[in-house]
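What's in coords.pdb: PDB, N, CA and C atoms, pLDDT in the B column
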```
ATOM      1  N   MET A   1      79.673 -14.876 -15.808  1.00 48.00           N
ATOM      2  CA  MET A   1      78.639 -14.010 -15.259  1.00 48.00           C
ATOM      3  C   MET A   1      77.405 -13.965 -16.152  1.00 48.00           C
ATOM      4  N   GLY A   2      77.568 -14.065 -17.411  1.00 52.00           N
ATOM      5  CA  GLY A   2      76.439 -14.023 -18.325  1.00 52.00           C
ATOM      6  C   GLY A   2      75.522 -15.209 -18.155  1.00 52.00           C
ATOM      7  N   LEU A   3      76.064 -16.331 -17.706  1.00 62.00           N
ATOM      8  CA  LEU A   3      75.259 -17.534 -17.530  1.00 62.00           C
ATOM      9  C   LEU A   3      74.239 -17.366 -16.399  1.00 62.00           C
ATOM     10  N   GLY A   4      74.612 -16.666 -15.344  1.00 69.00           N
ATOM     11  CA  GLY A   4      73.688 -16.425 -14.235  1.00 69.00           C
ATOM     12  C   GLY A   4      72.495 -15.592 -14.672  1.00 69.00           C
ATOM     13  N   LEU A   5      72.718 -14.615 -15.526  1.00 69.00           N
ATOM     14  CA  LEU A   5      71.630 -13.780 -16.028  1.00 69.00           C
ATOM     15  C   LEU A   5      70.694 -14.603 -16.901  1.00 69.00           C
ATOM     16  N   LEU A   6      71.246 -15.503 -17.693  1.00 76.00           N
ATOM     17  CA  LEU A   6      70.434 -16.373 -18.542  1.00 76.00           C
ATOM     18  C   LEU A   6      69.580 -17.305 -17.689  1.00 76.00           C
ATOM     19  N   ASP A   7      70.146 -17.848 -16.628  1.00 84.00           N
ATOM     20  CA  ASP A   7      69.384 -18.708 -15.730  1.00 84.00           C
ATOM     21  C   ASP A   7      68.240 -17.948 -15.071  1.00 84.00           C
ATOM     22  N   ALA A   8      68.510 -16.725 -14.649  1.00 84.00           N
ATOM     23  CA  ALA A   8      67.469 -15.913 -14.025  1.00 84.00           C
ATOM     24  C   ALA A   8      66.356 -15.600 -15.019  1.00 84.00           C
ATOM     25  N   THR A   9      66.701 -15.375 -16.246  1.00 87.00           N
ATOM     26  CA  THR A   9      65.698 -15.094 -17.269  1.00 87.00           C
ATOM     27  C   THR A   9      64.825 -16.314 -17.523  1.00 87.00           C
ATOM     28  N   ILE A  10      65.442 -17.474 -17.611  1.00 89.00           N
ATOM     29  CA  ILE A  10      64.683 -18.703 -17.843  1.00 89.00           C
ATOM     30  C   ILE A  10      63.747 -18.983 -16.673  1.00 89.00           C
ATOM     31  N   ILE A  11      64.236 -18.810 -15.464  1.00 90.00           N
ATOM     32  CA  ILE A  11      63.405 -19.033 -14.279  1.00 90.00           C
ATOM     33  C   ILE A  11      62.254 -18.027 -14.242  1.00 90.00           C
ATOM     34  N   SER A  12      62.526 -16.788 -14.625  1.00 92.00           N
ATOM     35  CA  SER A  12      61.467 -15.774 -14.651  1.00 92.00           C
ATOM     36  C   SER A  12      60.391 -16.124 -15.664  1.00 92.00           C
ATOM     37  N   VAL A  13      60.790 -16.620 -16.825  1.00 93.00           N
ATOM     38  CA  VAL A  13      59.820 -17.010 -17.850  1.00 93.00           C
ATOM     39  C   VAL A  13      58.988 -18.194 -17.365  1.00 93.00           C
ATOM     40  N   ILE A  14      59.623 -19.141 -16.701  1.00 93.00           N
ATOM     41  CA  ILE A  14      58.891 -20.298 -16.174  1.00 93.00           C
ATOM     42  C   ILE A  14      57.870 -19.847 -15.131  1.00 93.00           C
ATOM     43  N   TRP A  15      58.265 -18.964 -14.225  1.00 94.00           N
ATOM     44  CA  TRP A  15      57.339 -18.473 -13.202  1.00 94.00           C
ATOM     45  C   TRP A  15      56.206 -17.667 -13.829  1.00 94.00           C
ATOM     46  N   ALA A  16      56.498 -16.871 -14.842  1.00 96.00           N
ATOM     47  CA  ALA A  16      55.445 -16.095 -15.505  1.00 96.00           C
ATOM     48  C   ALA A  16      54.449 -17.016 -16.200  1.00 96.00           C
ATOM     49  N   THR A  17      54.946 -18.082 -16.807  1.00 96.00           N
ATOM     50  CA  THR A  17      54.061 -19.056 -17.454  1.00 96.00           C
ATOM     51  C   THR A  17      53.193 -19.757 -16.416  1.00 96.00           C
ATOM     52  N   PHE A  18      53.788 -20.132 -15.308  1.00 95.00           N
ATOM     53  CA  PHE A  18      53.044 -20.771 -14.224  1.00 95.00           C
ATOM     54  C   PHE A  18      51.964 -19.829 -13.683  1.00 95.00           C
ATOM     55  N   ALA A  19      52.303 -18.563 -13.490  1.00 95.00           N
ATOM     56  CA  ALA A  19      51.343 -17.587 -12.975  1.00 95.00           C
ATOM     57  C   ALA A  19      50.195 -17.373 -13.963  1.00 95.00           C
ATOM     58  N   ALA A  20      50.504 -17.327 -15.240  1.00 95.00           N
ATOM     59  CA  ALA A  20      49.448 -17.160 -16.250  1.00 95.00           C
ATOM     60  C   ALA A  20      48.515 -18.366 -16.262  1.00 95.00           C
ATOM     61  N   ALA A  21      49.072 -19.565 -16.181  1.00 94.00           N
ATOM     62  CA  ALA A  21      48.244 -20.772 -16.166  1.00 94.00           C
ATOM     63  C   ALA A  21      47.370 -20.806 -14.913  1.00 94.00           C
ATOM     64  N   ALA A  22      47.922 -20.417 -13.782  1.00 93.00           N
ATOM     65  CA  ALA A  22      47.150 -20.391 -12.540  1.00 93.00           C
ATOM     66  C   ALA A  22      46.031 -19.353 -12.628  1.00 93.00           C
ATOM     67  N   GLY A  23      46.315 -18.206 -13.204  1.00 93.00           N
ATOM     68  CA  GLY A  23      45.293 -17.170 -13.355  1.00 93.00           C
ATOM     69  C   GLY A  23      44.157 -17.613 -14.253  1.00 93.00           C
ATOM     70  N   ILE A  24      44.489 -18.273 -15.343  1.00 93.00           N
ATOM     71  CA  ILE A  24      43.453 -18.772 -16.248  1.00 93.00           C
ATOM     72  C   ILE A  24      42.608 -19.840 -15.550  1.00 93.00           C
ATOM     73  N   SER A  25      43.260 -20.712 -14.804  1.00 92.00           N
ATOM     74  CA  SER A  25      42.529 -21.758 -14.079  1.00 92.00           C
ATOM     75  C   SER A  25      41.574 -21.161 -13.052  1.00 92.00           C
ATOM     76  N   LEU A  26      42.015 -20.148 -12.345  1.00 91.00           N
ATOM     77  CA  LEU A  26      41.144 -19.500 -11.368  1.00 91.00           C
ATOM     78  C   LEU A  26      39.972 -18.802 -12.045  1.00 91.00           C
ATOM     79  N   THR A  27      40.211 -18.216 -13.200  1.00 92.00           N
ATOM     80  CA  THR A  27      39.137 -17.563 -13.931  1.00 92.00           C
ATOM     81  C   THR A  27      38.085 -18.570 -14.382  1.00 92.00           C
ATOM     82  N   VAL A  28      38.530 -19.694 -14.896  1.00 91.00           N
ATOM     83  CA  VAL A  28      37.595 -20.742 -15.335  1.00 91.00           C
ATOM     84  C   VAL A  28      36.795 -21.281 -14.145  1.00 91.00           C
ATOM     85  N   ALA A  29      37.455 -21.495 -13.022  1.00 88.00           N
ATOM     86  CA  ALA A  29      36.758 -21.997 -11.834  1.00 88.00           C
ATOM     87  C   ALA A  29      35.739 -20.976 -11.329  1.00 88.00           C
ATOM     88  N   ALA A  30      36.107 -19.703 -11.332  1.00 87.00           N
ATOM     89  CA  ALA A  30      35.185 -18.664 -10.871  1.00 87.00           C
ATOM     90  C   ALA A  30      33.958 -18.579 -11.780  1.00 87.00           C
ATOM     91  N   LYS A  31      34.156 -18.679 -13.082  1.00 88.00           N
ATOM     92  CA  LYS A  31      33.019 -18.653 -14.007  1.00 88.00           C
ATOM     93  C   LYS A  31      32.095 -19.840 -13.777  1.00 88.00           C
ATOM     94  N   ALA A  32      32.672 -21.011 -13.544  1.00 84.00           N
ATOM     95  CA  ALA A  32      31.856 -22.205 -13.306  1.00 84.00           C
ATOM     96  C   ALA A  32      31.055 -22.063 -12.011  1.00 84.00           C
ATOM     97  N   LEU A  33      31.683 -21.566 -10.964  1.00 79.00           N
ATOM     98  CA  LEU A  33      30.978 -21.379  -9.691  1.00 79.00           C
ATOM     99  C   LEU A  33      29.892 -20.319  -9.813  1.00 79.00           C
ATOM    100  N   TRP A  34      30.161 -19.262 -10.564  1.00 80.00           N
ATOM    101  CA  TRP A  34      29.175 -18.192 -10.753  1.00 80.00           C
ATOM    102  C   TRP A  34      27.955 -18.717 -11.499  1.00 80.00           C
ATOM    103  N   ARG A  35      28.201 -19.495 -12.556  1.00 79.00           N
ATOM    104  CA  ARG A  35      27.083 -20.059 -13.317  1.00 79.00           C
ATOM    105  C   ARG A  35      26.273 -21.023 -12.460  1.00 79.00           C
ATOM    106  N   ARG A  36      26.959 -21.823 -11.664  1.00 72.00           N
ATOM    107  CA  ARG A  36      26.254 -22.770 -10.798  1.00 72.00           C
ATOM    108  C   ARG A  36      25.418 -22.022  -9.767  1.00 72.00           C
ATOM    109  N   ALA A  37      25.952 -20.936  -9.228  1.00 67.00           N
ATOM    110  CA  ALA A  37      25.210 -20.152  -8.241  1.00 67.00           C
ATOM    111  C   ALA A  37      23.974 -19.525  -8.877  1.00 67.00           C
ATOM    112  N   LEU A  38      24.110 -18.998 -10.078  1.00 66.00           N
ATOM    113  CA  LEU A  38      22.958 -18.399 -10.743  1.00 66.00           C
ATOM    114  C   LEU A  38      21.909 -19.444 -11.090  1.00 66.00           C
ATOM    115  N   ASP A  39      22.342 -20.591 -11.556  1.00 65.00           N
ATOM    116  CA  ASP A  39      21.391 -21.651 -11.889  1.00 65.00           C
ATOM    117  C   ASP A  39      20.630 -22.105 -10.648  1.00 65.00           C
ATOM    118  N   GLY A  40      21.327 -22.274  -9.551  1.00 59.00           N
ATOM    119  CA  GLY A  40      20.684 -22.703  -8.318  1.00 59.00           C
ATOM    120  C   GLY A  40      19.736 -21.661  -7.769  1.00 59.00           C
ATOM    121  N   TYR A  41      20.090 -20.391  -7.908  1.00 58.00           N
ATOM    122  CA  TYR A  41      19.251 -19.319  -7.380  1.00 58.00           C
ATOM    123  C   TYR A  41      17.915 -19.281  -8.110  1.00 58.00           C
ATOM    124  N   PHE A  42      17.952 -19.333  -9.417  1.00 62.00           N
ATOM    125  CA  PHE A  42      16.709 -19.282 -10.164  1.00 62.00           C
ATOM    126  C   PHE A  42      15.903 -20.566  -9.979  1.00 62.00           C
ATOM    127  N   THR A  43      16.566 -21.674  -9.833  1.00 62.00           N
ATOM    128  CA  THR A  43      15.861 -22.926  -9.611  1.00 62.00           C
ATOM    129  C   THR A  43      15.119 -22.894  -8.278  1.00 62.00           C
ATOM    130  N   GLU A  44      15.747 -22.340  -7.244  1.00 64.00           N
ATOM    131  CA  GLU A  44      15.096 -22.249  -5.940  1.00 64.00           C
ATOM    132  C   GLU A  44      13.902 -21.304  -5.997  1.00 64.00           C
ATOM    133  N   LEU A  45      14.024 -20.202  -6.703  1.00 65.00           N
ATOM    134  CA  LEU A  45      12.903 -19.275  -6.820  1.00 65.00           C
ATOM    135  C   LEU A  45      11.748 -19.920  -7.571  1.00 65.00           C
ATOM    136  N   ASP A  46      12.058 -20.620  -8.629  1.00 70.00           N
ATOM    137  CA  ASP A  46      11.015 -21.292  -9.394  1.00 70.00           C
ATOM    138  C   ASP A  46      10.313 -22.349  -8.551  1.00 70.00           C
ATOM    139  N   ALA A  47      11.087 -23.094  -7.796  1.00 69.00           N
ATOM    140  CA  ALA A  47      10.501 -24.136  -6.947  1.00 69.00           C
ATOM    141  C   ALA A  47       9.608 -23.510  -5.884  1.00 69.00           C
ATOM    142  N   GLY A  48      10.045 -22.433  -5.277  1.00 73.00           N
ATOM    143  CA  GLY A  48       9.231 -21.753  -4.270  1.00 73.00           C
ATOM    144  C   GLY A  48       7.948 -21.194  -4.851  1.00 73.00           C
ATOM    145  N   TYR A  49       8.039 -20.629  -6.032  1.00 74.00           N
ATOM    146  CA  TYR A  49       6.836 -20.104  -6.681  1.00 74.00           C
ATOM    147  C   TYR A  49       5.857 -21.227  -7.003  1.00 74.00           C
ATOM    148  N   ASN A  50       6.381 -22.323  -7.502  1.00 71.00           N
ATOM    149  CA  ASN A  50       5.502 -23.449  -7.862  1.00 71.00           C
ATOM    150  C   ASN A  50       4.817 -24.037  -6.640  1.00 71.00           C
ATOM    151  N   ILE A  51       5.487 -24.014  -5.497  1.00 74.00           N
ATOM    152  CA  ILE A  51       4.868 -24.531  -4.275  1.00 74.00           C
ATOM    153  C   ILE A  51       3.764 -23.589  -3.785  1.00 74.00           C
ATOM    154  N   LEU A  52       4.016 -22.274  -3.869  1.00 75.00           N
ATOM    155  CA  LEU A  52       3.056 -21.306  -3.345  1.00 75.00           C
ATOM    156  C   LEU A  52       1.972 -20.917  -4.350  1.00 75.00           C
ATOM    157  N   ALA A  53       2.127 -21.247  -5.605  1.00 75.00           N
ATOM    158  CA  ALA A  53       1.181 -20.822  -6.644  1.00 75.00           C
ATOM    159  C   ALA A  53      -0.264 -21.233  -6.341  1.00 75.00           C
ATOM    160  N   PRO A  54      -0.554 -22.464  -5.923  1.00 75.00           N
ATOM    161  CA  PRO A  54      -1.958 -22.809  -5.653  1.00 75.00           C
ATOM    162  C   PRO A  54      -2.582 -21.968  -4.537  1.00 75.00           C
ATOM    163  N   GLN A  55      -1.808 -21.596  -3.515  1.00 73.00           N
ATOM    164  CA  GLN A  55      -2.343 -20.792  -2.433  1.00 73.00           C
ATOM    165  C   GLN A  55      -2.529 -19.330  -2.851  1.00 73.00           C
ATOM    166  N   LEU A  56      -1.638 -18.845  -3.722  1.00 71.00           N
ATOM    167  CA  LEU A  56      -1.705 -17.441  -4.135  1.00 71.00           C
ATOM    168  C   LEU A  56      -2.778 -17.196  -5.194  1.00 71.00           C
ATOM    169  N   ASP A  57      -3.159 -18.202  -5.941  1.00 67.00           N
ATOM    170  CA  ASP A  57      -4.129 -18.024  -7.011  1.00 67.00           C
ATOM    171  C   ASP A  57      -5.573 -18.080  -6.537  1.00 67.00           C
ATOM    172  N   ARG A  58      -5.813 -18.352  -5.297  1.00 62.00           N
ATOM    173  CA  ARG A  58      -7.187 -18.457  -4.785  1.00 62.00           C
ATOM    174  C   ARG A  58      -7.888 -17.123  -4.741  1.00 62.00           C
TER     175      ARG A  58
END
```

Show this structure as structure tokens.
Amino acid sequence: MGLGLLDATIISVIWATFAAAAGISLTVAAKALWRRALDGYFTELDAGYNILAPQLDR
């Protein structure tokens, strides 16, 4: 009977390790997407301003 408890413990540790690795991976992906979104947003605003600047400065 003790062997079954040991197997359950090992499986639980493996699943916890897998869940931690998946959580870290999702966090890294979310940070990368957030940075890309911010970079693109400011780039679009800058491009729009540069296009309209000659008309607005008159």

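Our summary of the geometry notes that atom N of Leu6 (chain A) is positioned 23.0 Å from atom C of Ala20 (chain A).
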
note - atom C of Gly23 (chain A) and atom N of Arg35 (chain A) are separated by 16.2 Å

Distance in Å - atom C of Ser25 (chain A) versus CA of Asp7 (chain A): 28.0 Å

Axis-aligned box for all listed atoms of region 9-15 of chain A, 3 Å per side, centre and edges in Å to one decimal, as lines of an AutoDock Vina configuration file:
```
center_x = 61.5
center_y = -17.7
center_z = -15.5
size_x = 16.5
size_y = 11.2
size_z = 10.6
```
